[in-house]
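Please read the structure below before turning to the comments.
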Amino acid sequence: MVSARKEMKLTQEQLAKLSNTSRALISNIERGEYTPSLPVAFRISKVLKKPIEHLFFKNNARKTS
């Protein structure tokens with residue numbers, strides 16, 4: 001998620017405001033200390049314009065071809 005946020009040139013504070021959450025929560029998610037609820041994950045993914053599985057489940061996502 002960090003790379004997607006930086007790609008959009010957003011600070012944690014800006015992402016938090018745009019996704020209607022707190023900077024502390026964004027920080028905890030980025031450090032892997034917290035798994036966001038589905039509504040929060042959807043809001044973050046909408047702001048970052050990335051699918052949820054790319055942001056939060058990258059290591060567990062199955063590749064399809």
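FYI, nothing fancy with the structure tokens labels: chains A, B, ... in order, residues from 1 per chain, ligands from 1 as they appear.
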
Using only C-alpha atoms, which residues sit within 12 Å of Val40 of chain A once same-chain residues fewer than 5 positions away are excluded, as a PDB file with N, CA, C and O atoms, in the first residue's frame?
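File produced: result_11.pdb:
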```
ATOM      1  N   LEU A  15      -4.045  10.764   2.569  1.00  0.00           N
ATOM      2  CA  LEU A  15      -4.788   9.531   2.300  1.00  0.00           C
ATOM      3  C   LEU A  15      -5.857   9.317   3.368  1.00  0.00           C
ATOM      4  O   LEU A  15      -6.989   8.946   3.055  1.00  0.00           O
ATOM      5  N   ALA A  16      -5.510   9.564   4.605  1.00  0.00           N
ATOM      6  CA  ALA A  16      -6.471   9.411   5.696  1.00  0.00           C
ATOM      7  C   ALA A  16      -7.679  10.323   5.492  1.00  0.00           C
ATOM      8  O   ALA A  16      -8.827   9.884   5.616  1.00  0.00           O
ATOM      9  N   LEU A  18      -8.776  11.714   2.662  1.00  0.00           N
ATOM     10  CA  LEU A  18      -9.531  11.325   1.471  1.00  0.00           C
ATOM     11  C   LEU A  18     -10.316  10.030   1.658  1.00  0.00           C
ATOM     12  O   LEU A  18     -11.345   9.819   1.015  1.00  0.00           O
ATOM     13  N   SER A  19      -9.821   9.161   2.539  1.00  0.00           N
ATOM     14  CA  SER A  19     -10.496   7.879   2.764  1.00  0.00           C
ATOM     15  C   SER A  19     -11.332   7.883   4.054  1.00  0.00           C
ATOM     16  O   SER A  19     -11.798   6.844   4.491  1.00  0.00           O
ATOM     17  N   ASN A  20     -11.475   9.067   4.641  1.00  0.00           N
ATOM     18  CA  ASN A  20     -12.308   9.235   5.837  1.00  0.00           C
ATOM     19  C   ASN A  20     -11.884   8.313   6.976  1.00  0.00           C
ATOM     20  O   ASN A  20     -12.682   7.587   7.561  1.00  0.00           O
ATOM     21  N   THR A  21     -10.587   8.344   7.257  1.00  0.00           N
ATOM     22  CA  THR A  21     -10.037   7.559   8.364  1.00  0.00           C
ATOM     23  C   THR A  21      -8.961   8.408   9.042  1.00  0.00           C
ATOM     24  O   THR A  21      -8.872   9.597   8.792  1.00  0.00           O
ATOM     25  N   SER A  22      -8.143   7.817   9.882  1.00  0.00           N
ATOM     26  CA  SER A  22      -7.108   8.594  10.579  1.00  0.00           C
ATOM     27  C   SER A  22      -5.720   8.254  10.046  1.00  0.00           C
ATOM     28  O   SER A  22      -5.491   7.177   9.508  1.00  0.00           O
ATOM     29  N   LEU A  25      -4.339   5.163  11.699  1.00  0.00           N
ATOM     30  CA  LEU A  25      -4.825   3.913  11.127  1.00  0.00           C
ATOM     31  C   LEU A  25      -4.071   3.583   9.842  1.00  0.00           C
ATOM     32  O   LEU A  25      -3.645   2.441   9.648  1.00  0.00           O
ATOM     33  N   ILE A  26      -3.855   4.578   8.995  1.00  0.00           N
ATOM     34  CA  ILE A  26      -3.091   4.363   7.755  1.00  0.00           C
ATOM     35  C   ILE A  26      -1.690   3.872   8.108  1.00  0.00           C
ATOM     36  O   ILE A  26      -1.182   2.920   7.514  1.00  0.00           O
ATOM     37  N   ILE A  29      -1.806   0.233   9.246  1.00  0.00           N
ATOM     38  CA  ILE A  29      -2.033  -0.659   8.102  1.00  0.00           C
ATOM     39  C   ILE A  29      -0.736  -0.824   7.319  1.00  0.00           C
ATOM     40  O   ILE A  29      -0.347  -1.939   6.966  1.00  0.00           O
ATOM     41  N   TYR A  34      -2.234  -3.744  11.486  1.00  0.00           N
ATOM     42  CA  TYR A  34      -3.693  -3.718  11.490  1.00  0.00           C
ATOM     43  C   TYR A  34      -4.196  -4.104  10.107  1.00  0.00           C
ATOM     44  O   TYR A  34      -3.669  -3.648   9.099  1.00  0.00           O
ATOM     45  N   THR A  35      -5.210  -4.950  10.078  1.00  0.00           N
ATOM     46  CA  THR A  35      -5.873  -5.295   8.827  1.00  0.00           C
ATOM     47  C   THR A  35      -7.165  -4.489   8.777  1.00  0.00           C
ATOM     48  O   THR A  35      -7.986  -4.586   9.692  1.00  0.00           O
ATOM     49  N   SER A  45      -8.802   1.788  -1.341  1.00  0.00           N
ATOM     50  CA  SER A  45      -8.540   1.324  -2.703  1.00  0.00           C
ATOM     51  C   SER A  45      -9.140   2.274  -3.737  1.00  0.00           C
ATOM     52  O   SER A  45      -8.564   2.485  -4.801  1.00  0.00           O
ATOM     53  N   LYS A  46     -10.268   2.871  -3.413  1.00  0.00           N
ATOM     54  CA  LYS A  46     -10.888   3.834  -4.328  1.00  0.00           C
ATOM     55  C   LYS A  46     -10.001   5.071  -4.475  1.00  0.00           C
ATOM     56  O   LYS A  46      -9.774   5.549  -5.580  1.00  0.00           O
ATOM     57  N   VAL A  47      -9.479   5.566  -3.362  1.00  0.00           N
ATOM     58  CA  VAL A  47      -8.606   6.740  -3.398  1.00  0.00           C
ATOM     59  C   VAL A  47      -7.324   6.428  -4.167  1.00  0.00           C
ATOM     60  O   VAL A  47      -6.867   7.227  -4.995  1.00  0.00           O
ATOM     61  N   ILE A  52      -8.416  -3.896  -4.202  1.00  0.00           N
ATOM     62  CA  ILE A  52      -8.149  -4.256  -2.805  1.00  0.00           C
ATOM     63  C   ILE A  52      -7.100  -5.357  -2.711  1.00  0.00           C
ATOM     64  O   ILE A  52      -6.184  -5.282  -1.894  1.00  0.00           O
ATOM     65  N   PHE A  56      -3.837  -5.076  -0.318  1.00  0.00           N
ATOM     66  CA  PHE A  56      -3.837  -5.718   0.992  1.00  0.00           C
ATOM     67  C   PHE A  56      -3.528  -7.207   0.977  1.00  0.00           C
ATOM     68  O   PHE A  56      -3.195  -7.769   2.001  1.00  0.00           O
TER      69      PHE A  56
END
```

For Gln12 of chain A: contacts at 8 Å, only C-alpha atoms, fewer than 5 positions along chain excluded, given as a ChimeraX atom specification: /A:5,23,26-27

Using only all heavy atoms, please write the residues we just selected to a file, as a PDB file, in the first residue's frame.
```
ATOM      1  N   ARG A   5       0.448   4.569  -2.403  1.00  0.00           N
ATOM      2  CA  ARG A   5       0.244   5.901  -1.839  1.00  0.00           C
ATOM      3  C   ARG A   5       1.299   6.869  -2.351  1.00  0.00           C
ATOM      4  O   ARG A   5       0.991   7.986  -2.783  1.00  0.00           O
ATOM      5  CB  ARG A   5       0.291   5.838  -0.301  1.00  0.00           C
ATOM      6  CG  ARG A   5       0.171   7.215   0.354  1.00  0.00           C
ATOM      7  CD  ARG A   5       0.133   7.139   1.865  1.00  0.00           C
ATOM      8  NE  ARG A   5       1.294   6.524   2.470  1.00  0.00           N
ATOM      9  CZ  ARG A   5       2.461   7.142   2.664  1.00  0.00           C
ATOM     10  NH1 ARG A   5       2.653   8.378   2.254  1.00  0.00           N
ATOM     11  NH2 ARG A   5       3.458   6.499   3.266  1.00  0.00           N
ATOM     12  N   ARG A  23      -4.800   9.201  10.254  1.00  0.00           N
ATOM     13  CA  ARG A  23      -3.424   8.970   9.853  1.00  0.00           C
ATOM     14  C   ARG A  23      -2.824   7.807  10.631  1.00  0.00           C
ATOM     15  O   ARG A  23      -2.073   6.995  10.107  1.00  0.00           O
ATOM     16  CB  ARG A  23      -2.572  10.236  10.052  1.00  0.00           C
ATOM     17  CG  ARG A  23      -1.186  10.080   9.402  1.00  0.00           C
ATOM     18  CD  ARG A  23      -0.069  10.760  10.177  1.00  0.00           C
ATOM     19  NE  ARG A  23      -0.032  10.511  11.579  1.00  0.00           N
ATOM     20  CZ  ARG A  23       0.552   9.447  12.154  1.00  0.00           C
ATOM     21  NH1 ARG A  23       1.117   8.495  11.434  1.00  0.00           N
ATOM     22  NH2 ARG A  23       0.564   9.317  13.459  1.00  0.00           N
ATOM     23  N   ILE A  26      -3.855   4.578   8.995  1.00  0.00           N
ATOM     24  CA  ILE A  26      -3.091   4.363   7.755  1.00  0.00           C
ATOM     25  C   ILE A  26      -1.690   3.872   8.108  1.00  0.00           C
ATOM     26  O   ILE A  26      -1.182   2.920   7.514  1.00  0.00           O
ATOM     27  CB  ILE A  26      -3.018   5.659   6.913  1.00  0.00           C
ATOM     28  CG1 ILE A  26      -4.417   6.092   6.446  1.00  0.00           C
ATOM     29  CG2 ILE A  26      -2.073   5.489   5.724  1.00  0.00           C
ATOM     30  CD1 ILE A  26      -5.120   5.139   5.523  1.00  0.00           C
ATOM     31  N   SER A  27      -1.068   4.485   9.086  1.00  0.00           N
ATOM     32  CA  SER A  27       0.264   4.083   9.520  1.00  0.00           C
ATOM     33  C   SER A  27       0.277   2.640  10.014  1.00  0.00           C
ATOM     34  O   SER A  27       1.161   1.854   9.654  1.00  0.00           O
ATOM     35  CB  SER A  27       0.752   5.018  10.631  1.00  0.00           C
ATOM     36  OG  SER A  27       2.007   4.617  11.111  1.00  0.00           O
TER      37      SER A  27
END
```

Of the candidates A:Leu38, A:Glu13, A:Glu33, A:Met8, which one gets nearest to Lys50 of chain A if we count only C-alpha atoms?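 Of the candidates, the smallest distance to Lys50 of chain A is held by A:Met8.
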
All helix (DSSP H, G or I) positions in chain A, as a PyMOL selection string: chain A and resi 2-7+12-18+23-30+38-48+52-56

From A:Ile44, A:Ser37, A:Phe57, A:Ala24, residue lying nearest Ala4 of chain A [only C-alpha atoms]: A:Ile44

Kindly give the distance, in Å, that separates atom CA of Glu7 of chain A and atom CA of Lys49 of chain A, rounded to a single decimal.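 Computed distance, atom CA of Glu7 of chain A to atom CA of Lys49 of chain A, equals 10.6 Å.
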
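Compared by their closest atoms to Asn28 of chain A, and using only C-alpha atoms, the residues A:His54, A:Val2, A:Leu48, A:Lys9 rank with A:Val2 nearest.
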